[in-house]
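Pasted below: model_15.pdb, PDB, C-alpha atoms, pLDDT in the B column.
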```pdb
ATOM      1  CA  MET A  16       1.231   3.547  29.025  1.00 43.00           C
ATOM      2  CA  GLU A  17      -2.031   1.649  29.269  1.00 46.00           C
ATOM      3  CA  THR A  18      -5.411   3.213  28.704  1.00 45.00           C
ATOM      4  CA  THR A  19      -8.978   2.151  28.167  1.00 45.00           C
ATOM      5  CA  THR A  20      -9.708   5.043  25.792  1.00 64.00           C
ATOM      6  CA  LYS A  21     -11.523   3.851  22.691  1.00 82.00           C
ATOM      7  CA  LEU A  22      -9.228   3.276  19.754  1.00 87.00           C
ATOM      8  CA  GLY A  23      -9.780   4.926  16.406  1.00 88.00           C
ATOM      9  CA  SER A  24      -9.896   3.067  13.099  1.00 89.00           C
ATOM     10  CA  VAL A  25      -6.120   2.884  12.701  1.00 92.00           C
ATOM     11  CA  GLY A  26      -5.601   1.805  16.304  1.00 93.00           C
ATOM     12  CA  GLN A  27      -8.161  -0.952  15.854  1.00 92.00           C
ATOM     13  CA  ARG A  28      -6.381  -2.155  12.737  1.00 92.00           C
ATOM     14  CA  VAL A  29      -3.031  -2.227  14.539  1.00 95.00           C
ATOM     15  CA  ALA A  30      -4.510  -4.291  17.365  1.00 94.00           C
ATOM     16  CA  LYS A  31      -6.128  -6.674  14.904  1.00 92.00           C
ATOM     17  CA  GLU A  32      -2.996  -7.034  12.781  1.00 93.00           C
ATOM     18  CA  VAL A  33      -0.735  -7.705  15.766  1.00 95.00           C
ATOM     19  CA  ALA A  34      -3.103 -10.496  16.820  1.00 94.00           C
ATOM     20  CA  ARG A  35      -3.404 -11.841  13.289  1.00 92.00           C
ATOM     21  CA  LEU A  36       0.315 -11.845  12.548  1.00 93.00           C
ATOM     22  CA  ARG A  37       1.335 -12.923  16.045  1.00 92.00           C
ATOM     23  CA  GLY A  38      -0.703 -16.084  15.463  1.00 87.00           C
ATOM     24  CA  ARG A  39       2.434 -17.537  13.933  1.00 80.00           C
ATOM     25  CA  ILE A  40       4.240 -17.406  17.288  1.00 90.00           C
ATOM     26  CA  THR A  41       3.395 -17.346  20.999  1.00 95.00           C
ATOM     27  CA  VAL A  42       2.904 -14.172  23.005  1.00 96.00           C
ATOM     28  CA  ARG A  43       5.988 -15.051  25.030  1.00 96.00           C
ATOM     29  CA  GLU A  44       8.085 -15.447  21.875  1.00 96.00           C
ATOM     30  CA  LEU A  45       6.975 -12.050  20.578  1.00 97.00           C
ATOM     31  CA  SER A  46       7.783 -10.514  23.970  1.00 97.00           C
ATOM     32  CA  THR A  47      11.256 -12.063  23.830  1.00 97.00           C
ATOM     33  CA  ARG A  48      11.867 -10.658  20.350  1.00 96.00           C
ATOM     34  CA  LEU A  49      10.805  -7.180  21.456  1.00 97.00           C
ATOM     35  CA  THR A  50      13.134  -7.361  24.459  1.00 97.00           C
ATOM     36  CA  LYS A  51      16.057  -8.288  22.221  1.00 97.00           C
ATOM     37  CA  LEU A  52      15.176  -5.357  19.971  1.00 96.00           C
ATOM     38  CA  GLY A  53      15.420  -3.029  22.976  1.00 96.00           C
ATOM     39  CA  ARG A  54      11.689  -2.267  23.176  1.00 96.00           C
ATOM     40  CA  PRO A  55      10.415  -4.725  25.813  1.00 96.00           C
ATOM     41  CA  ILE A  56       6.698  -5.359  26.188  1.00 96.00           C
ATOM     42  CA  LEU A  57       5.500  -7.964  28.663  1.00 96.00           C
ATOM     43  CA  PRO A  58       3.340 -10.843  27.370  1.00 96.00           C
ATOM     44  CA  SER A  59       0.413  -9.347  29.279  1.00 96.00           C
ATOM     45  CA  GLY A  60       1.026  -6.026  27.502  1.00 96.00           C
ATOM     46  CA  ILE A  61       0.938  -7.739  24.114  1.00 96.00           C
ATOM     47  CA  THR A  62      -2.349  -9.397  25.036  1.00 96.00           C
ATOM     48  CA  LYS A  63      -3.785  -6.000  25.981  1.00 96.00           C
ATOM     49  CA  ILE A  64      -2.593  -4.557  22.653  1.00 96.00           C
ATOM     50  CA  GLU A  65      -4.380  -7.322  20.797  1.00 95.00           C
ATOM     51  CA  GLN A  66      -7.509  -6.762  22.843  1.00 93.00           C
ATOM     52  CA  GLY A  67      -7.438  -3.017  22.135  1.00 92.00           C
ATOM     53  CA  SER A  68      -6.994  -1.973  25.754  1.00 93.00           C
ATOM     54  CA  ARG A  69      -3.400  -0.764  25.365  1.00 93.00           C
ATOM     55  CA  ARG A  70      -2.435   1.887  22.852  1.00 93.00           C
ATOM     56  CA  VAL A  71       0.615   1.456  20.618  1.00 95.00           C
ATOM     57  CA  ASP A  72       2.952   4.425  20.283  1.00 94.00           C
ATOM     58  CA  VAL A  73       5.194   4.910  17.260  1.00 95.00           C
ATOM     59  CA  ASP A  74       8.216   3.293  18.903  1.00 97.00           C
ATOM     60  CA  ASP A  75       6.136   0.246  19.798  1.00 96.00           C
ATOM     61  CA  LEU A  76       4.794   0.165  16.250  1.00 97.00           C
ATOM     62  CA  VAL A  77       8.236  -0.019  14.647  1.00 97.00           C
ATOM     63  CA  ALA A  78       9.439  -2.630  17.121  1.00 97.00           C
ATOM     64  CA  LEU A  79       6.327  -4.755  16.587  1.00 97.00           C
ATOM     65  CA  ALA A  80       6.734  -4.539  12.818  1.00 97.00           C
ATOM     66  CA  LEU A  81      10.354  -5.699  13.071  1.00 97.00           C
ATOM     67  CA  ALA A  82       9.467  -8.491  15.463  1.00 97.00           C
ATOM     68  CA  LEU A  83       6.589  -9.673  13.259  1.00 96.00           C
ATOM     69  CA  GLU A  84       8.667  -9.336  10.080  1.00 94.00           C
ATOM     70  CA  VAL A  85       6.332  -6.888   8.358  1.00 94.00           C
ATOM     71  CA  THR A  86       6.377  -3.147   7.678  1.00 94.00           C
ATOM     72  CA  PRO A  87       4.779  -0.507   9.918  1.00 96.00           C
ATOM     73  CA  THR A  88       2.458   0.239   6.996  1.00 94.00           C
ATOM     74  CA  ARG A  89       1.167  -3.333   7.112  1.00 93.00           C
ATOM     75  CA  LEU A  90       0.208  -2.884  10.761  1.00 94.00           C
ATOM     76  CA  LEU A  91      -1.372   0.511  10.160  1.00 94.00           C
ATOM     77  CA  LEU A  92      -3.414  -0.362   7.079  1.00 92.00           C
ATOM     78  CA  GLY A  93      -4.024  -4.071   7.410  1.00 88.00           C
ATOM     79  CA  PRO A  94      -3.612  -6.498   4.512  1.00 85.00           C
ATOM     80  CA  PRO A  95      -2.976  -4.840   1.163  1.00 82.00           C
ATOM     81  CA  PRO A  96      -5.863  -5.019  -1.307  1.00 77.00           C
ATOM     82  CA  THR A  97      -5.898  -8.099  -3.495  1.00 71.00           C
ATOM     83  CA  ASP A  98      -7.584  -9.068  -6.709  1.00 57.00           C
ATOM     84  CA  GLY A  99     -11.290  -9.695  -6.772  1.00 53.00           C
ATOM     85  CA  SER A 100     -14.429  -8.549  -8.483  1.00 48.00           C
ATOM     86  CA  TYR A 101     -15.340  -4.876  -8.239  1.00 50.00           C
ATOM     87  CA  GLU A 102     -18.536  -5.628  -6.347  1.00 53.00           C
ATOM     88  CA  ASN A 103     -17.014  -8.244  -4.066  1.00 57.00           C
ATOM     89  CA  PRO A 104     -13.265  -7.690  -3.778  1.00 56.00           C
ATOM     90  CA  ALA A 105     -11.091  -9.806  -1.536  1.00 55.00           C
ATOM     91  CA  HIS A 106     -11.263  -7.399   1.369  1.00 55.00           C
ATOM     92  CA  ASP A 107     -10.417  -7.059   5.007  1.00 61.00           C
ATOM     93  CA  GLU A 108     -13.253  -7.066   7.529  1.00 67.00           C
ATOM     94  CA  LEU A 109     -12.254  -3.604   8.779  1.00 73.00           C
ATOM     95  CA  TRP A 110     -12.954  -2.012   5.404  1.00 81.00           C
ATOM     96  CA  GLU A 111     -16.106   0.086   5.259  1.00 80.00           C
ATOM     97  CA  LYS A 112     -18.735  -0.421   2.592  1.00 79.00           C
ATOM     98  CA  GLU A 113     -21.015   2.210   1.119  1.00 79.00           C
ATOM     99  CA  VAL A 114     -23.594   1.557  -1.581  1.00 77.00           C
ATOM    100  CA  PHE A 115     -24.144   4.242  -4.223  1.00 76.00           C
ATOM    101  CA  GLY A 116     -26.635   4.517  -7.055  1.00 72.00           C
ATOM    102  CA  GLY A 117     -29.878   2.586  -7.196  1.00 66.00           C
ATOM    103  CA  GLU A 118     -31.886   5.749  -7.875  1.00 68.00           C
ATOM    104  CA  ASP A 119     -34.296   6.047 -10.793  1.00 68.00           C
ATOM    105  CA  GLY A 120     -34.029   2.347 -11.452  1.00 62.00           C
ATOM    106  CA  GLY A 121     -30.259   2.414 -11.699  1.00 70.00           C
ATOM    107  CA  ARG A 122     -28.252  -0.477 -10.423  1.00 77.00           C
ATOM    108  CA  PRO A 123     -26.668   0.151  -6.996  1.00 78.00           C
ATOM    109  CA  PHE A 124     -22.957  -0.472  -6.673  1.00 75.00           C
ATOM    110  CA  PRO A 125     -20.767  -0.879  -3.582  1.00 77.00           C
ATOM    111  CA  VAL A 126     -17.615   1.082  -2.867  1.00 79.00           C
ATOM    112  CA  TRP A 127     -15.134  -0.049  -0.232  1.00 81.00           C
ATOM    113  CA  PHE A 128     -13.247   2.404   1.957  1.00 87.00           C
ATOM    114  CA  LEU A 129     -10.360   2.351   4.391  1.00 88.00           C
ATOM    115  CA  ARG A 130     -10.759   4.994   7.099  1.00 89.00           C
ATOM    116  CA  LEU A 131      -7.668   6.929   8.152  1.00 91.00           C
ATOM    117  CA  VAL A 132      -9.224   9.531  10.467  1.00 88.00           C
ATOM    118  CA  PRO A 133     -12.837  10.169  11.528  1.00 88.00           C
ATOM    119  CA  GLY A 134     -13.297  12.745   8.767  1.00 85.00           C
ATOM    120  CA  PHE A 135     -11.573  10.979   5.900  1.00 86.00           C
ATOM    121  CA  ALA A 136     -11.684   7.580   4.203  1.00 88.00           C
ATOM    122  CA  ALA A 137     -10.567   6.487   0.748  1.00 87.00           C
ATOM    123  CA  GLU A 138     -10.505   3.369  -1.357  1.00 85.00           C
ATOM    124  CA  PRO A 139      -7.875   0.898  -0.085  1.00 86.00           C
ATOM    125  CA  TRP A 140      -5.918   0.934  -3.339  1.00 84.00           C
ATOM    126  CA  GLU A 141      -5.621   4.723  -3.100  1.00 87.00           C
ATOM    127  CA  VAL A 142      -4.607   4.566   0.571  1.00 90.00           C
ATOM    128  CA  TRP A 143      -1.814   2.116  -0.203  1.00 89.00           C
ATOM    129  CA  ALA A 144      -0.627   4.217  -3.160  1.00 88.00           C
ATOM    130  CA  TRP A 145      -0.519   7.246  -0.844  1.00 91.00           C
ATOM    131  CA  SER A 146       1.322   5.311   1.886  1.00 91.00           C
ATOM    132  CA  LEU A 147       3.969   4.180  -0.599  1.00 89.00           C
ATOM    133  CA  GLY A 148       4.589   7.741  -1.797  1.00 88.00           C
ATOM    134  CA  GLU A 149       2.993   7.187  -5.199  1.00 86.00           C
ATOM    135  CA  MET A 150      -0.100   9.401  -5.058  1.00 85.00           C
ATOM    136  CA  PRO A 151      -1.025  12.425  -2.902  1.00 87.00           C
ATOM    137  CA  PHE A 152      -4.478  13.023  -1.505  1.00 84.00           C
ATOM    138  CA  GLY A 153      -4.097  16.783  -1.648  1.00 78.00           C
ATOM    139  CA  ASP A 154      -5.716  19.321   0.652  1.00 77.00           C
ATOM    140  CA  ILE A 155      -8.316  16.905   1.998  1.00 77.00           C
ATOM    141  CA  TRP A 156      -8.993  19.040   5.089  1.00 76.00           C
ATOM    142  CA  ARG A 157     -10.691  21.557   2.784  1.00 74.00           C
ATOM    143  CA  LEU A 158     -13.495  19.050   2.193  1.00 70.00           C
ATOM    144  CA  ALA A 159     -14.942  20.090   5.537  1.00 71.00           C
ATOM    145  CA  ASP A 160     -15.878  23.419   3.944  1.00 74.00           C
ATOM    146  CA  GLU A 161     -15.961  22.726   0.205  1.00 74.00           C
ATOM    147  CA  GLU A 162     -18.033  20.321  -1.865  1.00 71.00           C
ATOM    148  CA  ARG A 163     -14.948  19.242  -3.800  1.00 71.00           C
ATOM    149  CA  ILE A 164     -11.385  20.412  -4.227  1.00 68.00           C
ATOM    150  CA  THR A 165      -9.193  20.833  -7.254  1.00 71.00           C
ATOM    151  CA  TRP A 166      -5.450  21.277  -7.613  1.00 70.00           C
ATOM    152  CA  ASP A 167      -3.494  23.964  -9.360  1.00 74.00           C
ATOM    153  CA  ASP A 168      -0.971  22.171 -11.572  1.00 78.00           C
ATOM    154  CA  PRO A 169      -1.720  18.613 -10.360  1.00 79.00           C
ATOM    155  CA  GLU A 170       1.300  17.131 -12.145  1.00 84.00           C
ATOM    156  CA  ARG A 171       3.633  19.415 -10.196  1.00 85.00           C
ATOM    157  CA  ARG A 172       1.884  18.579  -6.912  1.00 84.00           C
ATOM    158  CA  GLU A 173       2.193  14.870  -7.639  1.00 84.00           C
ATOM    159  CA  ALA A 174       5.852  15.208  -8.571  1.00 86.00           C
ATOM    160  CA  GLU A 175       6.594  17.128  -5.372  1.00 87.00           C
ATOM    161  CA  PHE A 176       4.762  14.517  -3.316  1.00 87.00           C
ATOM    162  CA  ARG A 177       6.763  11.701  -4.835  1.00 87.00           C
ATOM    163  CA  LEU A 178      10.003  13.604  -4.348  1.00 88.00           C
ATOM    164  CA  GLU A 179       9.245  13.997  -0.645  1.00 89.00           C
ATOM    165  CA  ASN A 180       7.825  10.536   0.013  1.00 88.00           C
ATOM    166  CA  ALA A 181       8.710   7.927  -2.597  1.00 80.00           C
ATOM    167  CA  PRO A 182      11.666   5.660  -1.784  1.00 77.00           C
ATOM    168  CA  PRO A 183      14.913   6.212  -3.658  1.00 72.00           C
ATOM    169  CA  PRO A 184      15.946   3.886  -6.473  1.00 66.00           C
ATOM    170  CA  VAL A 185      16.938   0.485  -5.164  1.00 59.00           C
ATOM    171  CA  ARG A 186      20.670   0.114  -4.873  1.00 59.00           C
ATOM    172  CA  VAL A 187      22.171  -2.829  -6.712  1.00 54.00           C
ATOM    173  CA  SER A 188      22.975  -5.403  -4.064  1.00 57.00           C
ATOM    174  CA  LEU A 189      25.648  -8.057  -4.392  1.00 57.00           C
ATOM    175  CA  GLY A 190      23.033 -10.700  -5.060  1.00 61.00           C
ATOM    176  CA  HIS A 191      21.382  -8.536  -7.702  1.00 60.00           C
ATOM    177  CA  ALA A 192      24.731  -7.840  -9.351  1.00 61.00           C
ATOM    178  CA  GLU A 193      25.416 -11.563  -9.475  1.00 65.00           C
ATOM    179  CA  GLY A 194      22.007 -12.096 -11.072  1.00 67.00           C
ATOM    180  CA  VAL A 195      22.792  -9.489 -13.736  1.00 65.00           C
ATOM    181  CA  GLN A 196      26.123 -11.172 -14.415  1.00 69.00           C
ATOM    182  CA  GLU A 197      24.399 -14.544 -14.812  1.00 74.00           C
ATOM    183  CA  ALA A 198      21.858 -13.019 -17.201  1.00 72.00           C
ATOM    184  CA  MET A 199      24.608 -11.450 -19.295  1.00 73.00           C
ATOM    185  CA  THR A 200      26.424 -14.779 -19.408  1.00 79.00           C
ATOM    186  CA  SER A 201      23.226 -16.432 -20.615  1.00 79.00           C
ATOM    187  CA  VAL A 202      22.810 -13.813 -23.342  1.00 79.00           C
ATOM    188  CA  ASP A 203      26.420 -14.261 -24.421  1.00 80.00           C
ATOM    189  CA  THR A 204      25.970 -18.026 -24.583  1.00 84.00           C
ATOM    190  CA  ALA A 205      22.764 -17.671 -26.611  1.00 84.00           C
ATOM    191  CA  VAL A 206      24.481 -15.374 -29.106  1.00 83.00           C
ATOM    192  CA  GLN A 207      27.397 -17.795 -29.490  1.00 85.00           C
ATOM    193  CA  ASP A 208      24.995 -20.709 -30.019  1.00 85.00           C
ATOM    194  CA  ALA A 209      23.052 -18.737 -32.647  1.00 84.00           C
ATOM    195  CA  LEU A 210      26.259 -17.910 -34.535  1.00 85.00           C
ATOM    196  CA  ASP A 211      27.381 -21.537 -34.321  1.00 86.00           C
ATOM    197  CA  GLU A 212      24.040 -22.576 -35.875  1.00 85.00           C
ATOM    198  CA  GLY A 213      24.804 -20.429 -38.909  1.00 87.00           C
ATOM    199  CA  LEU A 214      22.980 -17.166 -38.190  1.00 85.00           C
ATOM    200  CA  THR A 215      24.765 -14.037 -39.320  1.00 87.00           C
ATOM    201  CA  GLU A 216      25.700 -11.205 -36.950  1.00 84.00           C
ATOM    202  CA  ASP A 217      23.040  -9.011 -38.550  1.00 83.00           C
ATOM    203  CA  GLN A 218      20.388 -11.659 -37.938  1.00 83.00           C
ATOM    204  CA  VAL A 219      21.415 -12.040 -34.300  1.00 82.00           C
ATOM    205  CA  ARG A 220      21.439  -8.271 -33.861  1.00 82.00           C
ATOM    206  CA  GLN A 221      17.948  -8.037 -35.346  1.00 81.00           C
ATOM    207  CA  ILE A 222      16.645 -10.718 -32.960  1.00 83.00           C
ATOM    208  CA  VAL A 223      18.130  -8.914 -29.945  1.00 80.00           C
ATOM    209  CA  ASN A 224      16.739  -5.545 -31.072  1.00 78.00           C
ATOM    210  CA  THR A 225      13.282  -7.060 -31.553  1.00 79.00           C
ATOM    211  CA  ALA A 226      13.388  -8.536 -28.065  1.00 77.00           C
ATOM    212  CA  MET A 227      14.445  -5.184 -26.589  1.00 76.00           C
ATOM    213  CA  THR A 228      11.651  -3.369 -28.440  1.00 74.00           C
ATOM    214  CA  ARG A 229       9.089  -5.851 -27.124  1.00 74.00           C
ATOM    215  CA  TRP A 230      10.462  -5.463 -23.592  1.00 72.00           C
ATOM    216  CA  ARG A 231      10.253  -1.657 -23.743  1.00 69.00           C
ATOM    217  CA  LYS A 232       6.725  -1.791 -25.192  1.00 66.00           C
ATOM    218  CA  ASP A 233       5.509  -4.108 -22.428  1.00 65.00           C
ATOM    219  CA  GLY A 234       7.097  -1.857 -19.812  1.00 62.00           C
ATOM    220  CA  ASN A 235       5.496   1.270 -21.283  1.00 58.00           C
ATOM    221  CA  VAL A 236       2.081  -0.372 -21.400  1.00 52.00           C
ATOM    222  CA  LYS A 237       2.348  -1.363 -17.740  1.00 54.00           C
ATOM    223  CA  ALA A 238       3.578   2.103 -16.751  1.00 57.00           C
ATOM    224  CA  GLN A 239       0.760   3.848 -18.623  1.00 53.00           C
ATOM    225  CA  ALA A 240      -1.831   1.529 -17.125  1.00 49.00           C
ATOM    226  CA  GLN A 241      -0.506   2.176 -13.641  1.00 54.00           C
ATOM    227  CA  LYS A 242      -0.471   5.918 -14.258  1.00 52.00           C
ATOM    228  CA  ARG A 243      -4.074   5.892 -15.459  1.00 47.00           C
ATOM    229  CA  TYR A 244      -5.087   3.826 -12.458  1.00 45.00           C
ATOM    230  CA  HIS A 245      -3.496   6.222  -9.969  1.00 47.00           C
ATOM    231  CA  ARG A 246      -5.050   9.236 -11.671  1.00 45.00           C
ATOM    232  CA  HIS A 247      -8.507   7.694 -11.930  1.00 43.00           C
ATOM    233  CA  ASP A 248     -11.028   9.251  -9.609  1.00 42.00           C
ATOM    234  CA  ARG A 249      -8.344  10.465  -7.195  1.00 45.00           C
ATOM    235  CA  GLY A 250      -9.359  11.500  -3.723  1.00 42.00           C
ATOM    236  CA  ALA A 251      -8.849  15.217  -4.456  1.00 39.00           C
ATOM    237  CA  THR A 252     -11.934  15.271  -6.720  1.00 41.00           C
ATOM    238  CA  ARG A 253     -14.118  12.824  -4.795  1.00 44.00           C
ATOM    239  CA  THR A 254     -17.307  14.292  -3.360  1.00 38.00           C
ATOM    240  CA  ARG A 255     -17.702  14.927   0.336  1.00 41.00           C
ATOM    241  CA  GLU A 256     -20.428  12.269   0.558  1.00 43.00           C
ATOM    242  CA  GLN A 257     -18.043   9.583  -0.677  1.00 45.00           C
ATOM    243  CA  LEU A 258     -15.176  10.610   1.540  1.00 41.00           C
ATOM    244  CA  ASP A 259     -16.980  11.511   4.777  1.00 45.00           C
ATOM    245  CA  LEU A 260     -19.141   8.427   5.208  1.00 45.00           C
ATOM    246  CA  ASP A 261     -19.670   8.829   8.932  1.00 44.00           C
ATOM    247  CA  LYS A 262     -20.356  12.557   9.109  1.00 44.00           C
ATOM    248  CA  GLY A 263     -22.201  13.388  12.273  1.00 46.00           C
ATOM    249  CA  THR A 264     -20.914  10.306  14.101  1.00 42.00           C
ATOM    250  CA  PRO A 265     -17.156  10.789  14.247  1.00 41.00           C
ATOM    251  CA  GLU A 266     -15.068   8.312  16.192  1.00 41.00           C
ATOM    252  CA  GLU A 267     -13.639   9.355  19.516  1.00 36.00           C
ATOM    253  CA  VAL A 268     -10.065  10.643  19.300  1.00 34.00           C
ATOM    254  CA  GLU A 269      -7.685  12.003  21.838  1.00 37.00           C
TER     255      GLU A 269
END
```
Hey, can you dump this file as structure tokens for me?
Amino acid sequence: METTTKLGSVGQRVAKEVARLRGRITVRELSTRLTKLGRPILPSGITKIEQGSRRVDVDDLVALALALEVTPTRLLLGPPPTDGSYENPAHDELWEKEVFGGEDGGRPFPVWFLRLVPGFAAEPWEVWAWSLGEMPFGDIWRLADEERITWDDPERREAEFRLENAPPPVRVSLGHAEGVQEAMTSVDTAVQDALDEGLTEDQVRQIVNTAMTRWRKDGNVKAQAQKRYHRHDRGATRTREQLDLDKGTPEEVE
């Protein structure tokens, strides 16, 4: 169904991402792929999507993601955040920028936001963590009436969120199983070579144990760092001024 109603932030991102990703192929080729997927959209319809004059429903969204070889999340949120300096990160042009500080001689600092709905925006890294089922935003609708919100038992809330939204453990595929077998063969060969060179079994065992300890330590450090990152300044404790950047000028929604 075509409409000229103004798109919201997410709709604008979808239109922009379809155009950006479709640049790899022609409009006609994308239309052909969608037809083969059972969700036909004429080339003219794709052009209107890219121009923002045709809305994308959820069925279109999934079909477009499959045809463009990306995830629906990629279309909804745009490019994932990448490395860059805090003040000038490698960012997408649809991110919003707000400058804080600068009062009483303090140095102003920019904060980048990704808007999800007219009344709520968050930092892109937090939005992606939420979309992947890693971190909840909490009762953000309460920010309309409260200066800030807090959680009762935040660890339980986070655990429940992950249980409901995080993907299950990856099943071991045939290719992965073959990779494990190759790795085990390599380990076996290394042990045999070490014994042939004159090392004792105790020495080999000590080397393997040291390597395992180092591997576990590196993994724990990464896990703790990631946990601290996700807990840092989470959206549930962010002030209303930081979250509701456009208060008083909400975007048009249907």
Residues matched by the PyMOL selection byres ((chain A and resi 126-129) around 7) as a VMD selection string: chain A and resid 110 to 114 124 to 125 130 to 131 136 to 139
Minimum-distance residue to Glu173 in chain A, chosen among A:Gly134, A:Gln207, A:Gly153, A:Leu158 (using all atoms listed in the file): A:Gly153
Residues selected by the PyMOL selection byres ((chain A and resi 55) around 12), written as a VMD selection string: chain A and resid 43 to 54 56 to 61 74 to 75 78 to 79 82
Contacts of Met150 in chain A within 8 Å, only C-alpha atoms, excl. fewer than 6 positions in-chain, as a list in words: Glu141, Ala144, Glu173, Phe176, Arg177 and His245 of chain A
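The space between CA of Ala198 in chain A and CA of Pro182 in chain A spans 26.3 Å.
Among the candidates A:Val132, A:Ala174, A:Val25, A:Val219, the residue lying nearest to Val202 in chain A is A:Val219 (atoms considered: all atoms listed in the file).
If you look at CA of Trp140 in chain A and CA of Gln66 in chain A, they are 27.3 Å away from each other.
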Contacts of Leu36 in chain A at 10 Å (only C-alpha atoms; same-chain gap of 6+ positions) as a ChimeraX atom specification: /A:80,83-85,90
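We find CA of Trp143 in chain A and CA of Ser24 in chain A to be spaced 15.6 Å apart.
Against this structure, the PyMOL selection byres ((chain A and resi 71) around 9) ends up with Met16, Gly26, Val29, Ala30, Ile64, Arg69, Arg70, Asp72, Val73, Asp74, Asp75 and Leu76 of chain A.
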Around all the atoms of range 36-40 of chain A listed in the file, with 8 Å of room on each side, what axis-aligned box do you get, giving centre and edge lengths in Å to one decimal, as lines of an AutoDock Vina configuration file?
```
center_x = 1.8
center_y = -14.7
center_z = 14.9
size_x = 20.9
size_y = 21.7
size_z = 20.7
```
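Remark: for Gln27 in chain A, the closest of the candidate residues A:Ile40, A:Leu92, A:Val77, A:Met227 is A:Leu92 (distances computed over all atoms listed in the file).
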